[in-house]
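Next up, start_23.txt (compact mmCIF, all heavy atoms):
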# COMPACT_ATOMS: atom_id res chain seq x y z
N MET A 1 83.46 15.42 -18.87
CA MET A 1 82.80 15.46 -17.58
C MET A 1 81.53 14.61 -17.58
O MET A 1 81.28 13.88 -16.66
CB MET A 1 82.50 16.91 -17.21
CG MET A 1 81.99 17.06 -15.81
SD MET A 1 83.35 17.04 -14.65
CE MET A 1 82.87 18.31 -13.57
N ALA A 2 80.73 14.70 -18.65
CA ALA A 2 79.51 13.92 -18.73
C ALA A 2 79.82 12.43 -18.74
O ALA A 2 79.10 11.62 -18.18
CB ALA A 2 78.71 14.30 -19.96
N VAL A 3 80.92 12.06 -19.39
CA VAL A 3 81.31 10.65 -19.43
C VAL A 3 81.65 10.16 -18.03
O VAL A 3 81.25 9.08 -17.62
CB VAL A 3 82.50 10.44 -20.40
CG1 VAL A 3 83.01 9.02 -20.30
CG2 VAL A 3 82.08 10.77 -21.82
N GLU A 4 82.38 10.97 -17.27
CA GLU A 4 82.72 10.60 -15.90
C GLU A 4 81.44 10.44 -15.06
O GLU A 4 81.32 9.50 -14.30
CB GLU A 4 83.63 11.64 -15.27
CG GLU A 4 85.04 11.62 -15.80
CD GLU A 4 85.90 12.69 -15.15
OE1 GLU A 4 85.52 13.23 -14.11
OE2 GLU A 4 86.95 12.99 -15.71
N GLY A 5 80.51 11.36 -15.21
CA GLY A 5 79.25 11.28 -14.48
C GLY A 5 78.46 10.05 -14.86
O GLY A 5 77.87 9.39 -14.02
N HIS A 6 78.47 9.75 -16.17
CA HIS A 6 77.76 8.57 -16.65
C HIS A 6 78.40 7.31 -16.09
O HIS A 6 77.70 6.41 -15.61
CB HIS A 6 77.76 8.54 -18.19
CG HIS A 6 77.13 7.31 -18.76
ND1 HIS A 6 75.77 7.10 -18.72
CD2 HIS A 6 77.67 6.22 -19.37
CE1 HIS A 6 75.51 5.92 -19.28
NE2 HIS A 6 76.65 5.39 -19.69
N SER A 7 79.71 7.24 -16.12
CA SER A 7 80.42 6.07 -15.59
C SER A 7 80.15 5.90 -14.10
O SER A 7 79.96 4.78 -13.63
CB SER A 7 81.92 6.21 -15.83
OG SER A 7 82.21 6.23 -17.19
N LYS A 8 80.13 7.00 -13.39
CA LYS A 8 79.86 6.94 -11.95
C LYS A 8 78.44 6.44 -11.70
O LYS A 8 78.21 5.60 -10.83
CB LYS A 8 80.05 8.32 -11.33
CG LYS A 8 80.05 8.33 -9.83
CD LYS A 8 80.41 9.70 -9.30
CE LYS A 8 80.65 9.67 -7.82
NZ LYS A 8 81.05 10.98 -7.30
N ALA A 9 77.49 6.91 -12.50
CA ALA A 9 76.10 6.47 -12.36
C ALA A 9 75.97 4.98 -12.64
O ALA A 9 75.25 4.26 -11.94
CB ALA A 9 75.19 7.27 -13.29
N VAL A 10 76.68 4.50 -13.66
CA VAL A 10 76.65 3.07 -13.99
C VAL A 10 77.25 2.26 -12.85
O VAL A 10 76.70 1.22 -12.47
CB VAL A 10 77.38 2.80 -15.33
CG1 VAL A 10 77.59 1.32 -15.56
CG2 VAL A 10 76.62 3.43 -16.49
N LEU A 11 78.35 2.71 -12.30
CA LEU A 11 78.97 2.00 -11.18
C LEU A 11 78.06 1.96 -9.96
O LEU A 11 77.96 0.93 -9.28
CB LEU A 11 80.31 2.65 -10.81
CG LEU A 11 81.44 2.42 -11.80
CD1 LEU A 11 82.68 3.24 -11.39
CD2 LEU A 11 81.80 0.95 -11.89
N LEU A 12 77.39 3.07 -9.69
CA LEU A 12 76.47 3.10 -8.56
C LEU A 12 75.29 2.15 -8.78
O LEU A 12 74.86 1.45 -7.86
CB LEU A 12 75.97 4.52 -8.31
CG LEU A 12 77.01 5.48 -7.73
CD1 LEU A 12 76.46 6.90 -7.70
CD2 LEU A 12 77.43 5.04 -6.34
N GLU A 13 74.79 2.11 -10.01
CA GLU A 13 73.69 1.21 -10.32
C GLU A 13 74.13 -0.25 -10.17
O GLU A 13 73.41 -1.07 -9.60
CB GLU A 13 73.19 1.46 -11.74
CG GLU A 13 71.99 0.61 -12.12
CD GLU A 13 71.46 0.91 -13.50
OE1 GLU A 13 71.62 2.04 -13.98
OE2 GLU A 13 70.90 -0.01 -14.10
N GLU A 14 75.30 -0.57 -10.67
CA GLU A 14 75.82 -1.93 -10.54
C GLU A 14 76.02 -2.29 -9.07
O GLU A 14 75.73 -3.43 -8.66
CB GLU A 14 77.13 -2.08 -11.31
CG GLU A 14 76.95 -2.05 -12.81
CD GLU A 14 78.27 -2.07 -13.58
OE1 GLU A 14 79.34 -2.21 -12.95
OE2 GLU A 14 78.21 -1.94 -14.80
N SER A 15 76.48 -1.35 -8.28
CA SER A 15 76.66 -1.59 -6.84
C SER A 15 75.31 -1.86 -6.17
O SER A 15 75.21 -2.75 -5.31
CB SER A 15 77.33 -0.39 -6.18
OG SER A 15 78.64 -0.25 -6.64
N ALA A 16 74.30 -1.12 -6.56
CA ALA A 16 72.96 -1.33 -5.99
C ALA A 16 72.43 -2.71 -6.36
O ALA A 16 71.86 -3.41 -5.51
CB ALA A 16 72.00 -0.25 -6.48
N VAL A 17 72.64 -3.13 -7.60
CA VAL A 17 72.19 -4.46 -8.03
C VAL A 17 72.92 -5.54 -7.24
O VAL A 17 72.30 -6.52 -6.79
CB VAL A 17 72.40 -4.63 -9.55
CG1 VAL A 17 72.19 -6.08 -9.98
CG2 VAL A 17 71.46 -3.70 -10.32
N GLU A 18 74.22 -5.39 -7.05
CA GLU A 18 74.99 -6.36 -6.28
C GLU A 18 74.50 -6.42 -4.83
O GLU A 18 74.40 -7.50 -4.25
CB GLU A 18 76.48 -6.03 -6.32
CG GLU A 18 77.12 -6.30 -7.66
CD GLU A 18 77.10 -7.77 -8.05
OE1 GLU A 18 77.29 -8.63 -7.17
OE2 GLU A 18 76.90 -8.04 -9.25
N LEU A 19 74.19 -5.27 -4.26
CA LEU A 19 73.69 -5.23 -2.88
C LEU A 19 72.36 -5.96 -2.78
O LEU A 19 72.15 -6.77 -1.86
CB LEU A 19 73.54 -3.77 -2.42
CG LEU A 19 72.88 -3.57 -1.06
CD1 LEU A 19 73.73 -4.21 0.04
CD2 LEU A 19 72.68 -2.10 -0.80
N ILE A 20 71.46 -5.71 -3.71
CA ILE A 20 70.16 -6.37 -3.70
C ILE A 20 70.34 -7.88 -3.85
O ILE A 20 69.70 -8.67 -3.14
CB ILE A 20 69.24 -5.79 -4.79
CG1 ILE A 20 68.89 -4.34 -4.46
CG2 ILE A 20 67.98 -6.64 -4.96
CD1 ILE A 20 68.28 -3.56 -5.61
N ALA A 21 71.21 -8.29 -4.76
CA ALA A 21 71.47 -9.73 -4.95
C ALA A 21 72.02 -10.35 -3.67
O ALA A 21 71.61 -11.46 -3.28
CB ALA A 21 72.43 -9.94 -6.12
N ASP A 22 72.94 -9.66 -3.02
CA ASP A 22 73.49 -10.17 -1.76
C ASP A 22 72.40 -10.32 -0.70
O ASP A 22 72.37 -11.31 0.04
CB ASP A 22 74.59 -9.26 -1.24
CG ASP A 22 75.87 -9.35 -2.04
OD1 ASP A 22 76.02 -10.30 -2.84
OD2 ASP A 22 76.74 -8.47 -1.86
N LEU A 23 71.51 -9.34 -0.62
CA LEU A 23 70.40 -9.43 0.34
C LEU A 23 69.47 -10.59 0.02
O LEU A 23 68.98 -11.27 0.93
CB LEU A 23 69.62 -8.12 0.37
CG LEU A 23 70.35 -6.94 1.00
CD1 LEU A 23 69.58 -5.64 0.75
CD2 LEU A 23 70.55 -7.17 2.49
N LEU A 24 69.24 -10.85 -1.25
CA LEU A 24 68.39 -11.98 -1.64
C LEU A 24 69.06 -13.31 -1.28
O LEU A 24 68.39 -14.24 -0.80
CB LEU A 24 68.05 -11.91 -3.13
CG LEU A 24 67.16 -10.73 -3.52
CD1 LEU A 24 67.00 -10.66 -5.02
CD2 LEU A 24 65.81 -10.79 -2.82
N HIS A 25 70.36 -13.41 -1.49
CA HIS A 25 71.09 -14.62 -1.09
C HIS A 25 71.01 -14.79 0.43
O HIS A 25 70.81 -15.91 0.93
CB HIS A 25 72.56 -14.54 -1.51
CG HIS A 25 72.78 -14.77 -2.96
ND1 HIS A 25 72.54 -15.98 -3.58
CD2 HIS A 25 73.22 -13.94 -3.94
CE1 HIS A 25 72.83 -15.89 -4.86
NE2 HIS A 25 73.24 -14.65 -5.11
N TRP A 26 71.15 -13.69 1.15
CA TRP A 26 71.10 -13.72 2.61
C TRP A 26 69.74 -14.21 3.10
O TRP A 26 69.65 -15.04 4.00
CB TRP A 26 71.41 -12.32 3.14
CG TRP A 26 71.42 -12.18 4.61
CD1 TRP A 26 72.41 -12.56 5.47
CD2 TRP A 26 70.40 -11.58 5.42
NE1 TRP A 26 72.06 -12.23 6.76
CE2 TRP A 26 70.83 -11.64 6.76
CE3 TRP A 26 69.16 -11.01 5.14
CZ2 TRP A 26 70.07 -11.15 7.80
CZ3 TRP A 26 68.40 -10.52 6.18
CH2 TRP A 26 68.86 -10.59 7.50
N THR A 27 68.66 -13.70 2.49
CA THR A 27 67.32 -14.12 2.91
C THR A 27 67.08 -15.59 2.57
O THR A 27 66.49 -16.32 3.36
CB THR A 27 66.21 -13.24 2.29
OG1 THR A 27 66.30 -13.29 0.87
CG2 THR A 27 66.32 -11.81 2.74
N ALA A 28 67.55 -16.02 1.39
CA ALA A 28 67.38 -17.43 1.00
C ALA A 28 68.15 -18.34 1.95
O ALA A 28 67.66 -19.42 2.33
CB ALA A 28 67.85 -17.63 -0.43
N ALA A 29 69.33 -17.93 2.37
CA ALA A 29 70.13 -18.74 3.29
C ALA A 29 69.46 -18.89 4.65
O ALA A 29 69.76 -19.82 5.40
CB ALA A 29 71.52 -18.11 3.46
N ARG A 30 68.54 -18.00 4.96
CA ARG A 30 67.81 -18.05 6.22
C ARG A 30 66.42 -18.65 6.06
O ARG A 30 65.57 -18.52 6.92
CB ARG A 30 67.73 -16.66 6.83
CG ARG A 30 69.04 -16.32 7.53
CD ARG A 30 69.38 -14.86 7.51
NE ARG A 30 70.71 -14.65 8.07
CZ ARG A 30 71.85 -14.90 7.44
NH1 ARG A 30 71.84 -15.40 6.24
NH2 ARG A 30 73.01 -14.66 8.02
N GLY A 31 66.19 -19.29 4.89
CA GLY A 31 64.94 -20.01 4.68
C GLY A 31 63.78 -19.17 4.18
O GLY A 31 62.65 -19.66 4.11
N GLN A 32 64.02 -17.92 3.84
CA GLN A 32 62.96 -17.08 3.30
C GLN A 32 62.94 -17.18 1.79
O GLN A 32 63.94 -17.52 1.16
CB GLN A 32 63.15 -15.63 3.73
CG GLN A 32 63.05 -15.43 5.23
CD GLN A 32 63.34 -14.00 5.62
OE1 GLN A 32 64.19 -13.35 5.02
NE2 GLN A 32 62.65 -13.52 6.63
N ASP A 33 61.80 -16.88 1.20
CA ASP A 33 61.65 -16.89 -0.26
C ASP A 33 62.07 -15.53 -0.80
O ASP A 33 61.42 -14.52 -0.50
CB ASP A 33 60.20 -17.19 -0.63
CG ASP A 33 59.98 -17.29 -2.12
OD1 ASP A 33 60.93 -17.07 -2.91
OD2 ASP A 33 58.84 -17.59 -2.51
N PRO A 34 63.15 -15.46 -1.59
CA PRO A 34 63.60 -14.18 -2.13
C PRO A 34 62.53 -13.45 -2.95
O PRO A 34 62.46 -12.22 -2.91
CB PRO A 34 64.79 -14.56 -3.01
CG PRO A 34 65.28 -15.84 -2.45
CD PRO A 34 64.06 -16.55 -1.95
N ASP A 35 61.67 -14.19 -3.65
CA ASP A 35 60.61 -13.54 -4.42
C ASP A 35 59.62 -12.82 -3.51
O ASP A 35 59.16 -11.73 -3.83
CB ASP A 35 59.87 -14.56 -5.30
CG ASP A 35 60.69 -15.00 -6.49
OD1 ASP A 35 61.52 -14.20 -6.98
OD2 ASP A 35 60.51 -16.15 -6.93
N ASP A 36 59.31 -13.44 -2.37
CA ASP A 36 58.41 -12.79 -1.41
C ASP A 36 59.06 -11.52 -0.86
O ASP A 36 58.39 -10.50 -0.69
CB ASP A 36 58.08 -13.73 -0.25
CG ASP A 36 57.14 -14.85 -0.65
OD1 ASP A 36 56.49 -14.75 -1.71
OD2 ASP A 36 57.06 -15.84 0.11
N VAL A 37 60.35 -11.59 -0.58
CA VAL A 37 61.07 -10.41 -0.06
C VAL A 37 61.05 -9.30 -1.11
O VAL A 37 60.80 -8.14 -0.79
CB VAL A 37 62.51 -10.79 0.35
CG1 VAL A 37 63.30 -9.56 0.72
CG2 VAL A 37 62.48 -11.78 1.51
N LEU A 38 61.30 -9.65 -2.37
CA LEU A 38 61.26 -8.64 -3.44
C LEU A 38 59.87 -8.03 -3.57
O LEU A 38 59.74 -6.81 -3.74
CB LEU A 38 61.67 -9.27 -4.78
CG LEU A 38 63.14 -9.37 -5.07
CD1 LEU A 38 63.36 -10.10 -6.39
CD2 LEU A 38 63.79 -8.01 -5.11
N ASP A 39 58.84 -8.86 -3.52
CA ASP A 39 57.47 -8.36 -3.62
C ASP A 39 57.16 -7.39 -2.48
O ASP A 39 56.57 -6.33 -2.70
CB ASP A 39 56.46 -9.50 -3.61
CG ASP A 39 56.47 -10.32 -4.89
OD1 ASP A 39 56.99 -9.84 -5.92
OD2 ASP A 39 55.96 -11.46 -4.86
N ARG A 40 57.56 -7.76 -1.27
CA ARG A 40 57.30 -6.89 -0.12
C ARG A 40 58.07 -5.58 -0.24
O ARG A 40 57.56 -4.50 0.06
CB ARG A 40 57.65 -7.60 1.18
CG ARG A 40 56.65 -8.69 1.51
CD ARG A 40 56.86 -9.43 2.82
NE ARG A 40 57.80 -8.85 3.74
CZ ARG A 40 58.77 -9.54 4.35
NH1 ARG A 40 58.92 -10.82 4.14
NH2 ARG A 40 59.56 -8.94 5.20
N ALA A 41 59.32 -5.67 -0.70
CA ALA A 41 60.13 -4.46 -0.87
C ALA A 41 59.53 -3.55 -1.93
O ALA A 41 59.49 -2.33 -1.76
CB ALA A 41 61.57 -4.83 -1.23
N GLN A 42 59.07 -4.13 -3.03
CA GLN A 42 58.47 -3.31 -4.08
C GLN A 42 57.18 -2.66 -3.60
O GLN A 42 56.93 -1.47 -3.87
CB GLN A 42 58.19 -4.14 -5.33
CG GLN A 42 57.66 -3.30 -6.48
CD GLN A 42 57.60 -4.05 -7.79
OE1 GLN A 42 57.94 -5.22 -7.86
NE2 GLN A 42 57.18 -3.37 -8.82
N THR A 43 56.36 -3.39 -2.87
CA THR A 43 55.13 -2.83 -2.31
C THR A 43 55.46 -1.67 -1.38
O THR A 43 54.82 -0.61 -1.42
CB THR A 43 54.34 -3.92 -1.57
OG1 THR A 43 53.99 -4.94 -2.50
CG2 THR A 43 53.08 -3.35 -0.94
N HIS A 44 56.46 -1.86 -0.54
CA HIS A 44 56.90 -0.81 0.38
C HIS A 44 57.39 0.42 -0.39
O HIS A 44 57.02 1.55 -0.08
CB HIS A 44 57.99 -1.37 1.29
CG HIS A 44 58.43 -0.44 2.36
ND1 HIS A 44 57.74 -0.27 3.54
CD2 HIS A 44 59.50 0.39 2.44
CE1 HIS A 44 58.37 0.62 4.28
NE2 HIS A 44 59.43 1.03 3.65
N TYR A 45 58.21 0.20 -1.40
CA TYR A 45 58.72 1.28 -2.22
C TYR A 45 57.59 2.06 -2.89
O TYR A 45 57.56 3.28 -2.87
CB TYR A 45 59.69 0.74 -3.29
CG TYR A 45 60.01 1.74 -4.34
CD1 TYR A 45 60.93 2.76 -4.11
CD2 TYR A 45 59.37 1.72 -5.58
CE1 TYR A 45 61.22 3.71 -5.08
CE2 TYR A 45 59.65 2.66 -6.55
CZ TYR A 45 60.56 3.64 -6.30
OH TYR A 45 60.83 4.59 -7.25
N GLU A 46 56.65 1.33 -3.48
CA GLU A 46 55.55 1.98 -4.19
C GLU A 46 54.66 2.78 -3.23
O GLU A 46 54.19 3.86 -3.59
CB GLU A 46 54.73 0.95 -4.95
CG GLU A 46 55.49 0.39 -6.16
CD GLU A 46 54.82 -0.79 -6.82
OE1 GLU A 46 53.82 -1.33 -6.27
OE2 GLU A 46 55.31 -1.20 -7.91
N ALA A 47 54.47 2.27 -2.02
CA ALA A 47 53.67 3.00 -1.04
C ALA A 47 54.37 4.30 -0.65
O ALA A 47 53.73 5.35 -0.54
CB ALA A 47 53.43 2.14 0.18
N GLU A 48 55.68 4.23 -0.45
CA GLU A 48 56.44 5.44 -0.10
C GLU A 48 56.47 6.44 -1.27
O GLU A 48 56.37 7.63 -1.06
CB GLU A 48 57.85 5.10 0.33
CG GLU A 48 57.94 4.47 1.69
CD GLU A 48 59.38 4.21 2.12
OE1 GLU A 48 60.29 4.27 1.27
OE2 GLU A 48 59.57 3.93 3.31
N ALA A 49 56.59 5.92 -2.47
CA ALA A 49 56.61 6.78 -3.66
C ALA A 49 55.27 7.49 -3.84
O ALA A 49 55.22 8.66 -4.22
CB ALA A 49 56.97 5.98 -4.90
N ALA A 50 54.19 6.79 -3.54
CA ALA A 50 52.86 7.39 -3.67
C ALA A 50 52.66 8.51 -2.66
O ALA A 50 52.07 9.54 -2.97
CB ALA A 50 51.79 6.32 -3.50
N VAL A 51 53.19 8.33 -1.46
CA VAL A 51 53.07 9.36 -0.42
C VAL A 51 53.91 10.58 -0.80
O VAL A 51 53.49 11.71 -0.58
CB VAL A 51 53.50 8.79 0.96
CG1 VAL A 51 53.63 9.91 1.98
CG2 VAL A 51 52.53 7.74 1.43
N ALA A 52 55.07 10.33 -1.38
CA ALA A 52 55.97 11.44 -1.75
C ALA A 52 55.48 12.23 -2.95
O ALA A 52 55.86 13.38 -3.13
CB ALA A 52 57.37 10.90 -2.02
N ALA A 53 54.62 11.61 -3.75
CA ALA A 53 54.17 12.28 -4.99
C ALA A 53 53.12 13.34 -4.73
O ALA A 53 52.54 13.54 -3.80
CB ALA A 53 53.61 11.25 -5.96
Mind converting the file's structure to structure tokens?
Amino acid sequence: MAVEGHSKAVLLEESAVELIADLLHWTAARGQDPDDVLDRAQTHYEAEAAVAA
């Protein structure tokens, strides 16, 4: 059971990475800088995490 849960967690993580990569390609195709988008997303995430803590 733990192996199945671990495998599922790995698949979900890989899916999240693929989604983020797709979004970065999408932003680059529209002339935006993917690094700027990542920086803004991380800032947003950290602000929300600080409020939740």
With a distance cut-off of 12 Å and only C-alpha atoms, select the neighbouring residues of Ala21 (chain A), excluding the residue or stretch itself and same-chain residues fewer than 5 positions from it, and output the selection as a PyMOL selection string.
chain A and resi 14-16+26-28+34-35+37-38
Would you output that residue set with all heavy atoms, as a PDB file, in the frame of the given file?
ATOM      1  N   GLU A  14      75.300  -0.570 -10.670  1.00  0.00           N
ATOM      2  CA  GLU A  14      75.820  -1.930 -10.540  1.00  0.00           C
ATOM      3  C   GLU A  14      76.020  -2.290  -9.070  1.00  0.00           C
ATOM      4  O   GLU A  14      75.730  -3.430  -8.660  1.00  0.00           O
ATOM      5  CB  GLU A  14      77.130  -2.080 -11.310  1.00  0.00           C
ATOM      6  CG  GLU A  14      76.950  -2.050 -12.810  1.00  0.00           C
ATOM      7  CD  GLU A  14      78.270  -2.070 -13.580  1.00  0.00           C
ATOM      8  OE1 GLU A  14      79.340  -2.210 -12.950  1.00  0.00           O
ATOM      9  OE2 GLU A  14      78.210  -1.940 -14.800  1.00  0.00           O
ATOM     10  N   SER A  15      76.480  -1.350  -8.280  1.00  0.00           N
ATOM     11  CA  SER A  15      76.660  -1.590  -6.840  1.00  0.00           C
ATOM     12  C   SER A  15      75.310  -1.860  -6.170  1.00  0.00           C
ATOM     13  O   SER A  15      75.210  -2.750  -5.310  1.00  0.00           O
ATOM     14  CB  SER A  15      77.330  -0.390  -6.180  1.00  0.00           C
ATOM     15  OG  SER A  15      78.640  -0.250  -6.640  1.00  0.00           O
ATOM     16  N   ALA A  16      74.300  -1.120  -6.560  1.00  0.00           N
ATOM     17  CA  ALA A  16      72.960  -1.330  -5.990  1.00  0.00           C
ATOM     18  C   ALA A  16      72.430  -2.710  -6.360  1.00  0.00           C
ATOM     19  O   ALA A  16      71.860  -3.410  -5.510  1.00  0.00           O
ATOM     20  CB  ALA A  16      72.000  -0.250  -6.480  1.00  0.00           C
ATOM     21  N   TRP A  26      71.150 -13.690   1.150  1.00  0.00           N
ATOM     22  CA  TRP A  26      71.100 -13.720   2.610  1.00  0.00           C
ATOM     23  C   TRP A  26      69.740 -14.210   3.100  1.00  0.00           C
ATOM     24  O   TRP A  26      69.650 -15.040   4.000  1.00  0.00           O
ATOM     25  CB  TRP A  26      71.410 -12.320   3.140  1.00  0.00           C
ATOM     26  CG  TRP A  26      71.420 -12.180   4.610  1.00  0.00           C
ATOM     27  CD1 TRP A  26      72.410 -12.560   5.470  1.00  0.00           C
ATOM     28  CD2 TRP A  26      70.400 -11.580   5.420  1.00  0.00           C
ATOM     29  NE1 TRP A  26      72.060 -12.230   6.760  1.00  0.00           N
ATOM     30  CE2 TRP A  26      70.830 -11.640   6.760  1.00  0.00           C
ATOM     31  CE3 TRP A  26      69.160 -11.010   5.140  1.00  0.00           C
ATOM     32  CZ2 TRP A  26      70.070 -11.150   7.800  1.00  0.00           C
ATOM     33  CZ3 TRP A  26      68.400 -10.520   6.180  1.00  0.00           C
ATOM     34  CH2 TRP A  26      68.860 -10.590   7.500  1.00  0.00           C
ATOM     35  N   THR A  27      68.660 -13.700   2.490  1.00  0.00           N
ATOM     36  CA  THR A  27      67.320 -14.120   2.910  1.00  0.00           C
ATOM     37  C   THR A  27      67.080 -15.590   2.570  1.00  0.00           C
ATOM     38  O   THR A  27      66.490 -16.320   3.360  1.00  0.00           O
ATOM     39  CB  THR A  27      66.210 -13.240   2.290  1.00  0.00           C
ATOM     40  OG1 THR A  27      66.300 -13.290   0.870  1.00  0.00           O
ATOM     41  CG2 THR A  27      66.320 -11.810   2.740  1.00  0.00           C
ATOM     42  N   ALA A  28      67.550 -16.020   1.390  1.00  0.00           N
ATOM     43  CA  ALA A  28      67.380 -17.430   1.000  1.00  0.00           C
ATOM     44  C   ALA A  28      68.150 -18.340   1.950  1.00  0.00           C
ATOM     45  O   ALA A  28      67.660 -19.420   2.330  1.00  0.00           O
ATOM     46  CB  ALA A  28      67.850 -17.630  -0.430  1.00  0.00           C
ATOM     47  N   PRO A  34      63.150 -15.460  -1.590  1.00  0.00           N
ATOM     48  CA  PRO A  34      63.600 -14.180  -2.130  1.00  0.00           C
ATOM     49  C   PRO A  34      62.530 -13.450  -2.950  1.00  0.00           C
ATOM     50  O   PRO A  34      62.460 -12.220  -2.910  1.00  0.00           O
ATOM     51  CB  PRO A  34      64.790 -14.560  -3.010  1.00  0.00           C
ATOM     52  CG  PRO A  34      65.280 -15.840  -2.450  1.00  0.00           C
ATOM     53  CD  PRO A  34      64.060 -16.550  -1.950  1.00  0.00           C
ATOM     54  N   ASP A  35      61.670 -14.190  -3.650  1.00  0.00           N
ATOM     55  CA  ASP A  35      60.610 -13.540  -4.420  1.00  0.00           C
ATOM     56  C   ASP A  35      59.620 -12.820  -3.510  1.00  0.00           C
ATOM     57  O   ASP A  35      59.160 -11.730  -3.830  1.00  0.00           O
ATOM     58  CB  ASP A  35      59.870 -14.560  -5.300  1.00  0.00           C
ATOM     59  CG  ASP A  35      60.690 -15.000  -6.490  1.00  0.00           C
ATOM     60  OD1 ASP A  35      61.520 -14.200  -6.980  1.00  0.00           O
ATOM     61  OD2 ASP A  35      60.510 -16.150  -6.930  1.00  0.00           O
ATOM     62  N   VAL A  37      60.350 -11.590  -0.580  1.00  0.00           N
ATOM     63  CA  VAL A  37      61.070 -10.410  -0.060  1.00  0.00           C
ATOM     64  C   VAL A  37      61.050  -9.300  -1.110  1.00  0.00           C
ATOM     65  O   VAL A  37      60.800  -8.140  -0.790  1.00  0.00           O
ATOM     66  CB  VAL A  37      62.510 -10.790   0.350  1.00  0.00           C
ATOM     67  CG1 VAL A  37      63.300  -9.560   0.720  1.00  0.00           C
ATOM     68  CG2 VAL A  37      62.480 -11.780   1.510  1.00  0.00           C
ATOM     69  N   LEU A  38      61.300  -9.650  -2.370  1.00  0.00           N
ATOM     70  CA  LEU A  38      61.260  -8.640  -3.440  1.00  0.00           C
ATOM     71  C   LEU A  38      59.870  -8.030  -3.570  1.00  0.00           C
ATOM     72  O   LEU A  38      59.740  -6.810  -3.740  1.00  0.00           O
ATOM     73  CB  LEU A  38      61.670  -9.270  -4.780  1.00  0.00           C
ATOM     74  CG  LEU A  38      63.140  -9.370  -5.070  1.00  0.00           C
ATOM     75  CD1 LEU A  38      63.360 -10.100  -6.390  1.00  0.00           C
ATOM     76  CD2 LEU A  38      63.790  -8.010  -5.110  1.00  0.00           C
TER      77      LEU A  38
END
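Our summary of the geometry notes that atom C of Asp36 (chain A) is positioned 8.6 Å from CG of Leu24 (chain A).
Here NH2 of Arg40 (chain A) is placed at a distance of 25.4 Å from atom O of Leu11 (chain A).
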What does the distance between CA of Ala47 (chain A) and CA of Asp33 (chain A) come to in Å, to one decimal place?
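One can read the CA of Ala47 (chain A) to CA of Asp33 (chain A) distance as 21.4 Å.
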Return as AutoDock Vina command-line options the box centre and box size in Å, one decimal, for an axis-aligned box around all listed atoms of region 41-50 of chain A padded by 5 Å per side.
--center_x 56.7 --center_y 1.9 --center_z -2.3 --size_x 19.8 --size_y 25.2 --size_z 23.1
